>>> print(open('model_27.cif').read())   # mmCIF, N, CA and C atoms
data_structure
#
loop_
_atom_site.label_atom_id
_atom_site.label_comp_id
_atom_site.auth_asym_id
_atom_site.auth_seq_id
_atom_site.Cartn_x
_atom_site.Cartn_y
_atom_site.Cartn_z
N MET A 1 0.83 -1.19 0.00
CA MET A 1 0.00 0.00 0.00
C MET A 1 0.87 1.25 0.00
N ILE A 2 0.37 2.26 -0.62
CA ILE A 2 1.06 3.55 -0.66
C ILE A 2 0.65 4.34 0.57
N PRO A 3 1.61 4.89 1.30
CA PRO A 3 1.26 5.68 2.49
C PRO A 3 0.34 6.85 2.11
N GLY A 4 -0.72 6.99 2.86
CA GLY A 4 -1.67 8.08 2.62
C GLY A 4 -2.61 7.79 1.47
N GLY A 5 -2.42 6.69 0.79
CA GLY A 5 -3.27 6.35 -0.36
C GLY A 5 -4.10 5.13 -0.05
N GLY A 6 -4.19 4.24 -1.00
CA GLY A 6 -4.92 3.01 -0.77
C GLY A 6 -6.34 3.09 -1.25
N GLN A 7 -7.13 2.18 -0.78
CA GLN A 7 -8.53 2.08 -1.20
C GLN A 7 -9.38 3.17 -0.54
N PRO A 8 -10.35 3.71 -1.29
CA PRO A 8 -11.24 4.70 -0.69
C PRO A 8 -12.11 4.06 0.39
N ASN A 9 -12.45 4.84 1.36
CA ASN A 9 -13.30 4.38 2.44
C ASN A 9 -14.73 4.29 1.90
N MET A 10 -15.25 3.08 1.78
CA MET A 10 -16.57 2.86 1.18
C MET A 10 -17.68 3.53 1.99
N GLN A 11 -17.58 3.50 3.29
CA GLN A 11 -18.58 4.14 4.15
C GLN A 11 -18.60 5.65 3.90
N GLN A 12 -17.41 6.24 3.76
CA GLN A 12 -17.32 7.67 3.50
C GLN A 12 -17.91 8.01 2.14
N LEU A 13 -17.64 7.18 1.14
CA LEU A 13 -18.21 7.40 -0.19
C LEU A 13 -19.73 7.32 -0.17
N LEU A 14 -20.25 6.37 0.57
CA LEU A 14 -21.72 6.23 0.68
C LEU A 14 -22.34 7.43 1.38
N GLN A 15 -21.66 7.94 2.40
CA GLN A 15 -22.16 9.12 3.11
C GLN A 15 -22.15 10.34 2.20
N GLN A 16 -21.08 10.48 1.40
CA GLN A 16 -21.01 11.60 0.46
C GLN A 16 -22.11 11.51 -0.59
N ALA A 17 -22.35 10.31 -1.09
CA ALA A 17 -23.41 10.12 -2.09
C ALA A 17 -24.78 10.43 -1.50
N GLN A 18 -25.01 10.01 -0.26
CA GLN A 18 -26.28 10.29 0.40
C GLN A 18 -26.47 11.79 0.61
N LYS A 19 -25.40 12.49 1.00
CA LYS A 19 -25.50 13.94 1.19
C LYS A 19 -25.78 14.64 -0.14
N MET A 20 -25.11 14.20 -1.21
CA MET A 20 -25.38 14.80 -2.53
C MET A 20 -26.83 14.56 -2.94
N GLN A 21 -27.34 13.39 -2.66
CA GLN A 21 -28.74 13.08 -2.99
C GLN A 21 -29.68 13.98 -2.19
N GLN A 22 -29.39 14.20 -0.93
CA GLN A 22 -30.21 15.08 -0.10
C GLN A 22 -30.13 16.52 -0.60
N ASP A 23 -28.93 16.96 -0.96
CA ASP A 23 -28.74 18.32 -1.48
C ASP A 23 -29.50 18.50 -2.80
N LEU A 24 -29.47 17.49 -3.64
CA LEU A 24 -30.18 17.54 -4.92
C LEU A 24 -31.69 17.63 -4.68
N ALA A 25 -32.21 16.84 -3.78
CA ALA A 25 -33.64 16.87 -3.47
C ALA A 25 -34.04 18.24 -2.92
N ALA A 26 -33.20 18.80 -2.06
CA ALA A 26 -33.50 20.12 -1.49
C ALA A 26 -33.48 21.18 -2.58
N ALA A 27 -32.53 21.11 -3.49
CA ALA A 27 -32.45 22.08 -4.58
C ALA A 27 -33.66 21.95 -5.50
N GLN A 28 -34.10 20.73 -5.77
CA GLN A 28 -35.28 20.54 -6.62
C GLN A 28 -36.53 21.10 -5.94
N GLU A 29 -36.66 20.92 -4.63
CA GLU A 29 -37.80 21.49 -3.90
C GLU A 29 -37.75 23.02 -3.96
N GLU A 30 -36.56 23.57 -3.81
CA GLU A 30 -36.41 25.03 -3.88
C GLU A 30 -36.80 25.55 -5.26
N LEU A 31 -36.42 24.83 -6.30
CA LEU A 31 -36.79 25.22 -7.67
C LEU A 31 -38.31 25.18 -7.86
N ALA A 32 -38.95 24.18 -7.30
CA ALA A 32 -40.40 24.06 -7.46
C ALA A 32 -41.13 25.22 -6.79
N ARG A 33 -40.53 25.80 -5.74
CA ARG A 33 -41.15 26.93 -5.04
C ARG A 33 -40.76 28.28 -5.64
N ALA A 34 -39.59 28.35 -6.25
CA ALA A 34 -39.10 29.62 -6.81
C ALA A 34 -39.94 30.02 -8.02
N GLU A 35 -40.11 31.32 -8.21
CA GLU A 35 -40.84 31.82 -9.37
C GLU A 35 -39.95 32.81 -10.11
N VAL A 36 -39.97 32.71 -11.43
CA VAL A 36 -39.23 33.63 -12.29
C VAL A 36 -40.20 34.17 -13.34
N GLN A 37 -39.86 35.33 -13.89
CA GLN A 37 -40.73 35.96 -14.87
C GLN A 37 -40.04 36.11 -16.21
N GLY A 38 -40.88 36.24 -17.22
CA GLY A 38 -40.43 36.60 -18.55
C GLY A 38 -41.45 37.57 -19.10
N GLN A 39 -41.03 38.40 -20.04
CA GLN A 39 -41.96 39.37 -20.59
C GLN A 39 -41.73 39.54 -22.08
N ALA A 40 -42.74 40.13 -22.73
CA ALA A 40 -42.65 40.42 -24.16
C ALA A 40 -43.42 41.70 -24.42
N GLY A 41 -43.13 42.30 -25.57
CA GLY A 41 -43.83 43.52 -25.94
C GLY A 41 -43.58 44.66 -24.97
N GLY A 42 -42.34 44.75 -24.47
CA GLY A 42 -42.03 45.82 -23.53
C GLY A 42 -42.80 45.72 -22.23
N GLY A 43 -43.15 44.51 -21.84
CA GLY A 43 -43.87 44.31 -20.58
C GLY A 43 -45.38 44.23 -20.75
N LEU A 44 -45.88 44.28 -21.99
CA LEU A 44 -47.33 44.18 -22.19
C LEU A 44 -47.85 42.80 -21.81
N VAL A 45 -47.00 41.78 -21.95
CA VAL A 45 -47.36 40.43 -21.55
C VAL A 45 -46.25 39.91 -20.65
N ARG A 46 -46.65 39.43 -19.45
CA ARG A 46 -45.70 38.90 -18.48
C ARG A 46 -46.14 37.51 -18.06
N ALA A 47 -45.19 36.59 -18.07
CA ALA A 47 -45.46 35.22 -17.65
C ALA A 47 -44.61 34.91 -16.42
N THR A 48 -45.19 34.17 -15.49
CA THR A 48 -44.48 33.72 -14.30
C THR A 48 -44.48 32.20 -14.30
N VAL A 49 -43.29 31.61 -14.17
CA VAL A 49 -43.17 30.16 -14.09
C VAL A 49 -42.36 29.80 -12.85
N THR A 50 -42.52 28.56 -12.41
CA THR A 50 -41.69 28.08 -11.30
C THR A 50 -40.30 27.78 -11.84
N GLY A 51 -39.38 27.60 -10.94
CA GLY A 51 -38.02 27.24 -11.34
C GLY A 51 -37.96 25.92 -12.07
N SER A 52 -38.99 25.10 -11.93
CA SER A 52 -39.03 23.83 -12.65
C SER A 52 -39.82 23.94 -13.96
N GLY A 53 -40.29 25.16 -14.29
CA GLY A 53 -40.91 25.40 -15.58
C GLY A 53 -42.42 25.36 -15.63
N GLU A 54 -43.09 25.27 -14.49
CA GLU A 54 -44.55 25.24 -14.47
C GLU A 54 -45.12 26.65 -14.55
N LEU A 55 -45.99 26.89 -15.54
CA LEU A 55 -46.60 28.21 -15.71
C LEU A 55 -47.54 28.47 -14.55
N ARG A 56 -47.33 29.60 -13.85
CA ARG A 56 -48.14 29.94 -12.69
C ARG A 56 -49.06 31.13 -12.93
N ALA A 57 -48.60 32.09 -13.75
CA ALA A 57 -49.41 33.29 -13.97
C ALA A 57 -49.09 33.88 -15.33
N LEU A 58 -50.10 34.55 -15.87
CA LEU A 58 -49.96 35.25 -17.14
C LEU A 58 -50.72 36.56 -17.01
N VAL A 59 -50.02 37.67 -17.21
CA VAL A 59 -50.63 38.99 -17.09
C VAL A 59 -50.57 39.66 -18.46
N ILE A 60 -51.74 40.10 -18.95
CA ILE A 60 -51.81 40.75 -20.25
C ILE A 60 -52.35 42.15 -20.05
N ASP A 61 -51.54 43.13 -20.42
CA ASP A 61 -51.96 44.53 -20.35
C ASP A 61 -53.09 44.75 -21.37
N PRO A 62 -54.16 45.43 -20.99
CA PRO A 62 -55.26 45.67 -21.92
C PRO A 62 -54.82 46.33 -23.23
N LYS A 63 -53.72 47.08 -23.20
CA LYS A 63 -53.22 47.71 -24.42
C LYS A 63 -52.77 46.68 -25.46
N ALA A 64 -52.48 45.47 -25.02
CA ALA A 64 -52.01 44.43 -25.94
C ALA A 64 -53.17 43.72 -26.63
N VAL A 65 -54.40 43.99 -26.19
CA VAL A 65 -55.56 43.28 -26.71
C VAL A 65 -56.19 44.08 -27.85
N ASP A 66 -56.07 43.53 -29.05
CA ASP A 66 -56.68 44.12 -30.25
C ASP A 66 -57.52 43.02 -30.89
N PRO A 67 -58.85 43.12 -30.82
CA PRO A 67 -59.71 42.07 -31.38
C PRO A 67 -59.45 41.81 -32.87
N GLU A 68 -58.89 42.78 -33.55
CA GLU A 68 -58.60 42.62 -34.97
C GLU A 68 -57.25 41.93 -35.21
N ASP A 69 -56.45 41.78 -34.16
CA ASP A 69 -55.10 41.23 -34.33
C ASP A 69 -54.76 40.30 -33.17
N THR A 70 -55.43 39.18 -33.11
CA THR A 70 -55.16 38.23 -32.02
C THR A 70 -53.85 37.48 -32.23
N GLU A 71 -53.35 37.43 -33.46
CA GLU A 71 -52.09 36.74 -33.73
C GLU A 71 -50.93 37.40 -33.00
N THR A 72 -50.90 38.72 -32.99
CA THR A 72 -49.82 39.42 -32.28
C THR A 72 -49.88 39.13 -30.80
N LEU A 73 -51.08 39.13 -30.23
CA LEU A 73 -51.22 38.81 -28.81
C LEU A 73 -50.73 37.39 -28.53
N ALA A 74 -51.10 36.47 -29.38
CA ALA A 74 -50.65 35.08 -29.20
C ALA A 74 -49.12 35.00 -29.27
N ASP A 75 -48.53 35.73 -30.21
CA ASP A 75 -47.07 35.75 -30.32
C ASP A 75 -46.42 36.31 -29.06
N LEU A 76 -47.02 37.36 -28.51
CA LEU A 76 -46.49 37.97 -27.28
C LEU A 76 -46.59 36.99 -26.10
N VAL A 77 -47.69 36.26 -26.02
CA VAL A 77 -47.86 35.28 -24.94
C VAL A 77 -46.79 34.19 -25.07
N VAL A 78 -46.62 33.67 -26.27
CA VAL A 78 -45.61 32.63 -26.48
C VAL A 78 -44.22 33.16 -26.12
N ALA A 79 -43.90 34.37 -26.57
CA ALA A 79 -42.59 34.94 -26.29
C ALA A 79 -42.37 35.15 -24.79
N ALA A 80 -43.39 35.59 -24.08
CA ALA A 80 -43.26 35.81 -22.64
C ALA A 80 -43.04 34.49 -21.91
N VAL A 81 -43.78 33.46 -22.29
CA VAL A 81 -43.63 32.15 -21.65
C VAL A 81 -42.25 31.58 -21.96
N GLN A 82 -41.80 31.73 -23.20
CA GLN A 82 -40.46 31.24 -23.55
C GLN A 82 -39.39 31.98 -22.74
N ALA A 83 -39.53 33.29 -22.59
CA ALA A 83 -38.56 34.05 -21.81
C ALA A 83 -38.56 33.59 -20.36
N ALA A 84 -39.74 33.36 -19.81
CA ALA A 84 -39.82 32.88 -18.42
C ALA A 84 -39.16 31.51 -18.29
N ASN A 85 -39.40 30.63 -19.26
CA ASN A 85 -38.79 29.30 -19.20
C ASN A 85 -37.27 29.36 -19.35
N GLU A 86 -36.77 30.28 -20.16
CA GLU A 86 -35.32 30.46 -20.26
C GLU A 86 -34.76 30.90 -18.92
N ASN A 87 -35.47 31.79 -18.23
CA ASN A 87 -35.02 32.22 -16.90
C ASN A 87 -35.08 31.06 -15.91
N ALA A 88 -36.10 30.20 -16.05
CA ALA A 88 -36.19 29.02 -15.17
C ALA A 88 -35.03 28.07 -15.43
N GLN A 89 -34.66 27.89 -16.69
CA GLN A 89 -33.53 27.02 -17.01
C GLN A 89 -32.23 27.57 -16.44
N ALA A 90 -32.07 28.89 -16.50
CA ALA A 90 -30.88 29.50 -15.93
C ALA A 90 -30.84 29.27 -14.42
N LEU A 91 -31.99 29.37 -13.77
CA LEU A 91 -32.07 29.12 -12.34
C LEU A 91 -31.76 27.65 -12.03
N GLN A 92 -32.26 26.74 -12.87
CA GLN A 92 -31.95 25.32 -12.69
C GLN A 92 -30.45 25.08 -12.78
N GLN A 93 -29.83 25.69 -13.78
CA GLN A 93 -28.39 25.52 -13.95
C GLN A 93 -27.64 26.06 -12.73
N GLU A 94 -28.10 27.19 -12.23
CA GLU A 94 -27.45 27.80 -11.06
C GLU A 94 -27.59 26.90 -9.83
N LYS A 95 -28.78 26.34 -9.62
CA LYS A 95 -29.03 25.55 -8.41
C LYS A 95 -28.55 24.11 -8.53
N LEU A 96 -28.72 23.50 -9.70
CA LEU A 96 -28.41 22.09 -9.84
C LEU A 96 -27.05 21.82 -10.48
N GLY A 97 -26.50 22.80 -11.18
CA GLY A 97 -25.23 22.60 -11.86
C GLY A 97 -24.11 22.13 -10.95
N PRO A 98 -23.88 22.82 -9.83
CA PRO A 98 -22.81 22.38 -8.94
C PRO A 98 -23.05 20.98 -8.37
N LEU A 99 -24.31 20.63 -8.13
CA LEU A 99 -24.63 19.30 -7.60
C LEU A 99 -24.39 18.25 -8.67
N ALA A 100 -24.76 18.54 -9.91
CA ALA A 100 -24.55 17.58 -10.99
C ALA A 100 -23.07 17.36 -11.23
N ALA A 101 -22.27 18.41 -11.09
CA ALA A 101 -20.83 18.27 -11.27
C ALA A 101 -20.26 17.29 -10.25
N GLY A 102 -20.81 17.32 -9.04
CA GLY A 102 -20.36 16.40 -8.01
C GLY A 102 -20.80 14.97 -8.25
N LEU A 103 -21.77 14.81 -9.15
CA LEU A 103 -22.27 13.47 -9.48
C LEU A 103 -21.68 12.97 -10.80
N GLY A 104 -20.62 13.61 -11.28
CA GLY A 104 -19.99 13.12 -12.49
C GLY A 104 -20.19 14.02 -13.69
N GLY A 105 -20.47 15.28 -13.48
CA GLY A 105 -20.53 16.22 -14.60
C GLY A 105 -21.91 16.56 -15.07
N GLY A 106 -22.92 15.85 -14.66
CA GLY A 106 -24.28 16.21 -15.03
C GLY A 106 -24.75 15.63 -16.34
N THR A 107 -23.85 15.05 -17.12
CA THR A 107 -24.29 14.50 -18.40
C THR A 107 -24.82 13.10 -18.20
N GLY A 108 -25.96 12.87 -18.78
CA GLY A 108 -26.54 11.55 -18.73
C GLY A 108 -27.22 11.20 -17.42
N ILE A 109 -27.47 12.17 -16.57
CA ILE A 109 -28.17 11.89 -15.33
C ILE A 109 -29.66 12.10 -15.56
N PRO A 110 -30.46 11.05 -15.45
CA PRO A 110 -31.89 11.19 -15.71
C PRO A 110 -32.53 12.23 -14.81
N GLY A 111 -33.43 13.01 -15.40
CA GLY A 111 -34.16 14.01 -14.65
C GLY A 111 -33.50 15.37 -14.58
N LEU A 112 -32.25 15.46 -15.02
CA LEU A 112 -31.58 16.76 -15.01
C LEU A 112 -31.59 17.32 -16.42
N PRO A 113 -31.91 18.61 -16.56
CA PRO A 113 -32.07 19.19 -17.88
C PRO A 113 -30.77 19.57 -18.59
N PHE A 114 -29.64 19.18 -18.06
CA PHE A 114 -28.36 19.56 -18.68
C PHE A 114 -27.40 18.41 -18.63
#
>>> encode(input="model_27.cif", output="structure tokens")
Amino acid sequence: MIPGGGQPNMQQLLQQAQKMQQDLAAAQEELARAEVQGQAGGGLVRATVTGSGELRALVIDPKAVDPEDTETLADLVVAAVQAANENAQALQQEKLGPLAAGLGGGTGIPGLPF
């Protein structure tokens, strides 16, 4: 055996894995509670989603409503929801990225979006 080296302590590895799993679960719960916003049309349409991407609210300024042009309103809604989801993905990366790195880089881990 090499002094100071040798086989890893299996109990210690299991404890580290369990802590990472607990940290990941806590981060996922935090994401589910967190809310982020996205907007379009200079704020005429605002969407709020959870950190996990669930749409929670949609606010449409009456100025954005034109009965003769519902396509523009629909485009604004889609753009606002997409912006909110991009912000949610950024939050996911911020919260889960460091944990995924500790689990082997985050690639190929089921349930993680990166």
>>> select_by_dssp(input="model_27.cif", residues="region 8-113 of chain A", states="helix (DSSP H, G or I)", output="ChimeraX atom specification")
/A:10-33,41-43,62-64,70-102
>>> resolve_selection(input="model_27.cif", expression="the PyMOL selection byres ((chain A and resi 53) around 8)", output="ChimeraX atom specification")
/A:31-32,34,48-52,54-56,84-86,88-89
>>> select_by_dssp(input="model_27.cif", residues="region 5-103 of chain A", states="strand (DSSP E or B)", output="list in words")
Glu35, Val36, Gln37, Gly38, Gln39, Ala40, Val45, Arg46, Ala47, Thr48, Val49, Thr50, Leu55, Arg56, Ala57, Leu58, Val59 and Ile60 of chain A
>>> closest_residue(input="model_27.cif", among="A:Leu96, A:Ala83, A:Val36, A:Gln12", to="Leu24 (chain A)", atoms="all atoms listed in the file")
A:Leu96
>>> atom_distance(input="model_27.cif", atom1="atom N of Ala40 (chain A)", atom2="CA of Ala80 (chain A)")
4.4 Å
>>> residues_around(input="model_27.cif", residues="Val45 (chain A)", least_positions_apart="4", cutoff="10 Å", atoms="only C-alpha atoms", output="list in words")
Gly38, Gln39, Ala40, Gly41, Leu58, Val59, Ile60, Asp61, Pro62, Lys63, Ala64, Leu73, Ala74, Asp75, Leu76, Val77, Val78, Ala79, Ala80 and Val81 of chain A
>>> atom_distance(input="model_27.cif", atom1="atom N of Gln18 (chain A)", atom2="atom C of Glu35 (chain A)")
29.0 Å
>>> closest_residue(input="model_27.cif", among="A:Gln82, A:Asp66, A:Pro98, A:Gln93", to="Gln37 (chain A)", atoms="only N, CA and C atoms")
A:Gln82
>>> closest_residue(input="model_27.cif", among="A:Ala27, A:Ala57, A:Glu71, A:Gly43", to="Gln92 (chain A)", atoms="only C-alpha atoms")
A:Ala27
>>> atom_distance(input="model_27.cif", atom1="CA of Asp23 (chain A)", atom2="atom C of Ala90 (chain A)")
17.1 Å
>>> decode(input="model_27.cif", residues="region 26-37 of chain A", atoms="all heavy atoms", output="PDB file, in the first residue's frame")
ATOM      1  N   ALA A  26     -33.203  18.800  -2.057  1.00  0.00           N
ATOM      2  CA  ALA A  26     -33.498  20.116  -1.485  1.00  0.00           C
ATOM      3  C   ALA A  26     -33.483  21.185  -2.580  1.00  0.00           C
ATOM      4  O   ALA A  26     -34.340  22.074  -2.612  1.00  0.00           O
ATOM      5  CB  ALA A  26     -32.492  20.459  -0.386  1.00  0.00           C
ATOM      6  N   ALA A  27     -32.526  21.109  -3.489  1.00  0.00           N
ATOM      7  CA  ALA A  27     -32.446  22.077  -4.579  1.00  0.00           C
ATOM      8  C   ALA A  27     -33.658  21.952  -5.500  1.00  0.00           C
ATOM      9  O   ALA A  27     -34.209  22.965  -5.958  1.00  0.00           O
ATOM     10  CB  ALA A  27     -31.156  21.886  -5.363  1.00  0.00           C
ATOM     11  N   GLN A  28     -34.104  20.732  -5.765  1.00  0.00           N
ATOM     12  CA  GLN A  28     -35.282  20.538  -6.619  1.00  0.00           C
ATOM     13  C   GLN A  28     -36.534  21.098  -5.944  1.00  0.00           C
ATOM     14  O   GLN A  28     -37.380  21.696  -6.612  1.00  0.00           O
ATOM     15  CB  GLN A  28     -35.447  19.056  -6.954  1.00  0.00           C
ATOM     16  CG  GLN A  28     -34.420  18.569  -7.941  1.00  0.00           C
ATOM     17  CD  GLN A  28     -34.453  17.069  -8.148  1.00  0.00           C
ATOM     18  OE1 GLN A  28     -34.751  16.302  -7.237  1.00  0.00           O
ATOM     19  NE2 GLN A  28     -34.136  16.642  -9.355  1.00  0.00           N
ATOM     20  N   GLU A  29     -36.658  20.918  -4.631  1.00  0.00           N
ATOM     21  CA  GLU A  29     -37.796  21.494  -3.905  1.00  0.00           C
ATOM     22  C   GLU A  29     -37.754  23.015  -3.963  1.00  0.00           C
ATOM     23  O   GLU A  29     -38.782  23.668  -4.148  1.00  0.00           O
ATOM     24  CB  GLU A  29     -37.787  21.031  -2.444  1.00  0.00           C
ATOM     25  CG  GLU A  29     -38.238  19.605  -2.244  1.00  0.00           C
ATOM     26  CD  GLU A  29     -38.207  19.196  -0.776  1.00  0.00           C
ATOM     27  OE1 GLU A  29     -38.453  20.067   0.089  1.00  0.00           O
ATOM     28  OE2 GLU A  29     -37.935  18.016  -0.510  1.00  0.00           O
ATOM     29  N   GLU A  30     -36.561  23.575  -3.810  1.00  0.00           N
ATOM     30  CA  GLU A  30     -36.406  25.031  -3.876  1.00  0.00           C
ATOM     31  C   GLU A  30     -36.799  25.550  -5.262  1.00  0.00           C
ATOM     32  O   GLU A  30     -37.466  26.577  -5.379  1.00  0.00           O
ATOM     33  CB  GLU A  30     -34.956  25.405  -3.561  1.00  0.00           C
ATOM     34  CG  GLU A  30     -34.712  26.886  -3.484  1.00  0.00           C
ATOM     35  CD  GLU A  30     -33.273  27.229  -3.130  1.00  0.00           C
ATOM     36  OE1 GLU A  30     -32.544  26.371  -2.607  1.00  0.00           O
ATOM     37  OE2 GLU A  30     -32.878  28.377  -3.399  1.00  0.00           O
ATOM     38  N   LEU A  31     -36.421  24.826  -6.300  1.00  0.00           N
ATOM     39  CA  LEU A  31     -36.791  25.220  -7.666  1.00  0.00           C
ATOM     40  C   LEU A  31     -38.307  25.182  -7.858  1.00  0.00           C
ATOM     41  O   LEU A  31     -38.879  26.044  -8.518  1.00  0.00           O
ATOM     42  CB  LEU A  31     -36.128  24.303  -8.694  1.00  0.00           C
ATOM     43  CG  LEU A  31     -34.671  24.585  -9.000  1.00  0.00           C
ATOM     44  CD1 LEU A  31     -34.088  23.479  -9.871  1.00  0.00           C
ATOM     45  CD2 LEU A  31     -34.511  25.934  -9.664  1.00  0.00           C
ATOM     46  N   ALA A  32     -38.949  24.178  -7.300  1.00  0.00           N
ATOM     47  CA  ALA A  32     -40.398  24.059  -7.457  1.00  0.00           C
ATOM     48  C   ALA A  32     -41.127  25.225  -6.788  1.00  0.00           C
ATOM     49  O   ALA A  32     -42.209  25.622  -7.233  1.00  0.00           O
ATOM     50  CB  ALA A  32     -40.883  22.722  -6.879  1.00  0.00           C
ATOM     51  N   ARG A  33     -40.528  25.799  -5.741  1.00  0.00           N
ATOM     52  CA  ARG A  33     -41.151  26.932  -5.041  1.00  0.00           C
ATOM     53  C   ARG A  33     -40.764  28.278  -5.644  1.00  0.00           C
ATOM     54  O   ARG A  33     -41.514  29.245  -5.538  1.00  0.00           O
ATOM     55  CB  ARG A  33     -40.745  26.915  -3.561  1.00  0.00           C
ATOM     56  CG  ARG A  33     -41.394  25.821  -2.751  1.00  0.00           C
ATOM     57  CD  ARG A  33     -41.135  26.006  -1.265  1.00  0.00           C
ATOM     58  NE  ARG A  33     -39.720  26.189  -0.942  1.00  0.00           N
ATOM     59  CZ  ARG A  33     -38.880  25.207  -0.624  1.00  0.00           C
ATOM     60  NH1 ARG A  33     -39.299  23.972  -0.597  1.00  0.00           N
ATOM     61  NH2 ARG A  33     -37.621  25.466  -0.335  1.00  0.00           N
ATOM     62  N   ALA A  34     -39.594  28.350  -6.253  1.00  0.00           N
ATOM     63  CA  ALA A  34     -39.105  29.616  -6.806  1.00  0.00           C
ATOM     64  C   ALA A  34     -39.944  30.024  -8.018  1.00  0.00           C
ATOM     65  O   ALA A  34     -40.451  29.181  -8.750  1.00  0.00           O
ATOM     66  CB  ALA A  34     -37.642  29.477  -7.211  1.00  0.00           C
ATOM     67  N   GLU A  35     -40.113  31.316  -8.206  1.00  0.00           N
ATOM     68  CA  GLU A  35     -40.839  31.824  -9.366  1.00  0.00           C
ATOM     69  C   GLU A  35     -39.953  32.811 -10.111  1.00  0.00           C
ATOM     70  O   GLU A  35     -39.261  33.623  -9.497  1.00  0.00           O
ATOM     71  CB  GLU A  35     -42.146  32.498  -8.950  1.00  0.00           C
ATOM     72  CG  GLU A  35     -43.172  31.524  -8.424  1.00  0.00           C
ATOM     73  CD  GLU A  35     -44.526  32.159  -8.143  1.00  0.00           C
ATOM     74  OE1 GLU A  35     -44.638  33.397  -8.159  1.00  0.00           O
ATOM     75  OE2 GLU A  35     -45.473  31.401  -7.903  1.00  0.00           O
ATOM     76  N   VAL A  36     -39.968  32.706 -11.433  1.00  0.00           N
ATOM     77  CA  VAL A  36     -39.233  33.627 -12.293  1.00  0.00           C
ATOM     78  C   VAL A  36     -40.195  34.166 -13.341  1.00  0.00           C
ATOM     79  O   VAL A  36     -41.224  33.549 -13.629  1.00  0.00           O
ATOM     80  CB  VAL A  36     -38.012  32.959 -12.968  1.00  0.00           C
ATOM     81  CG1 VAL A  36     -36.966  32.576 -11.942  1.00  0.00           C
ATOM     82  CG2 VAL A  36     -38.434  31.746 -13.766  1.00  0.00           C
ATOM     83  N   GLN A  37     -39.857  35.325 -13.890  1.00  0.00           N
ATOM     84  CA  GLN A  37     -40.731  35.955 -14.872  1.00  0.00           C
ATOM     85  C   GLN A  37     -40.043  36.115 -16.208  1.00  0.00           C
ATOM     86  O   GLN A  37     -38.819  36.139 -16.296  1.00  0.00           O
ATOM     87  CB  GLN A  37     -41.195  37.333 -14.385  1.00  0.00           C
ATOM     88  CG  GLN A  37     -42.177  37.280 -13.249  1.00  0.00           C
ATOM     89  CD  GLN A  37     -42.819  38.635 -12.988  1.00  0.00           C
ATOM     90  OE1 GLN A  37     -42.368  39.665 -13.460  1.00  0.00           O
ATOM     91  NE2 GLN A  37     -43.884  38.622 -12.224  1.00  0.00           N
TER      92      GLN A  37
END
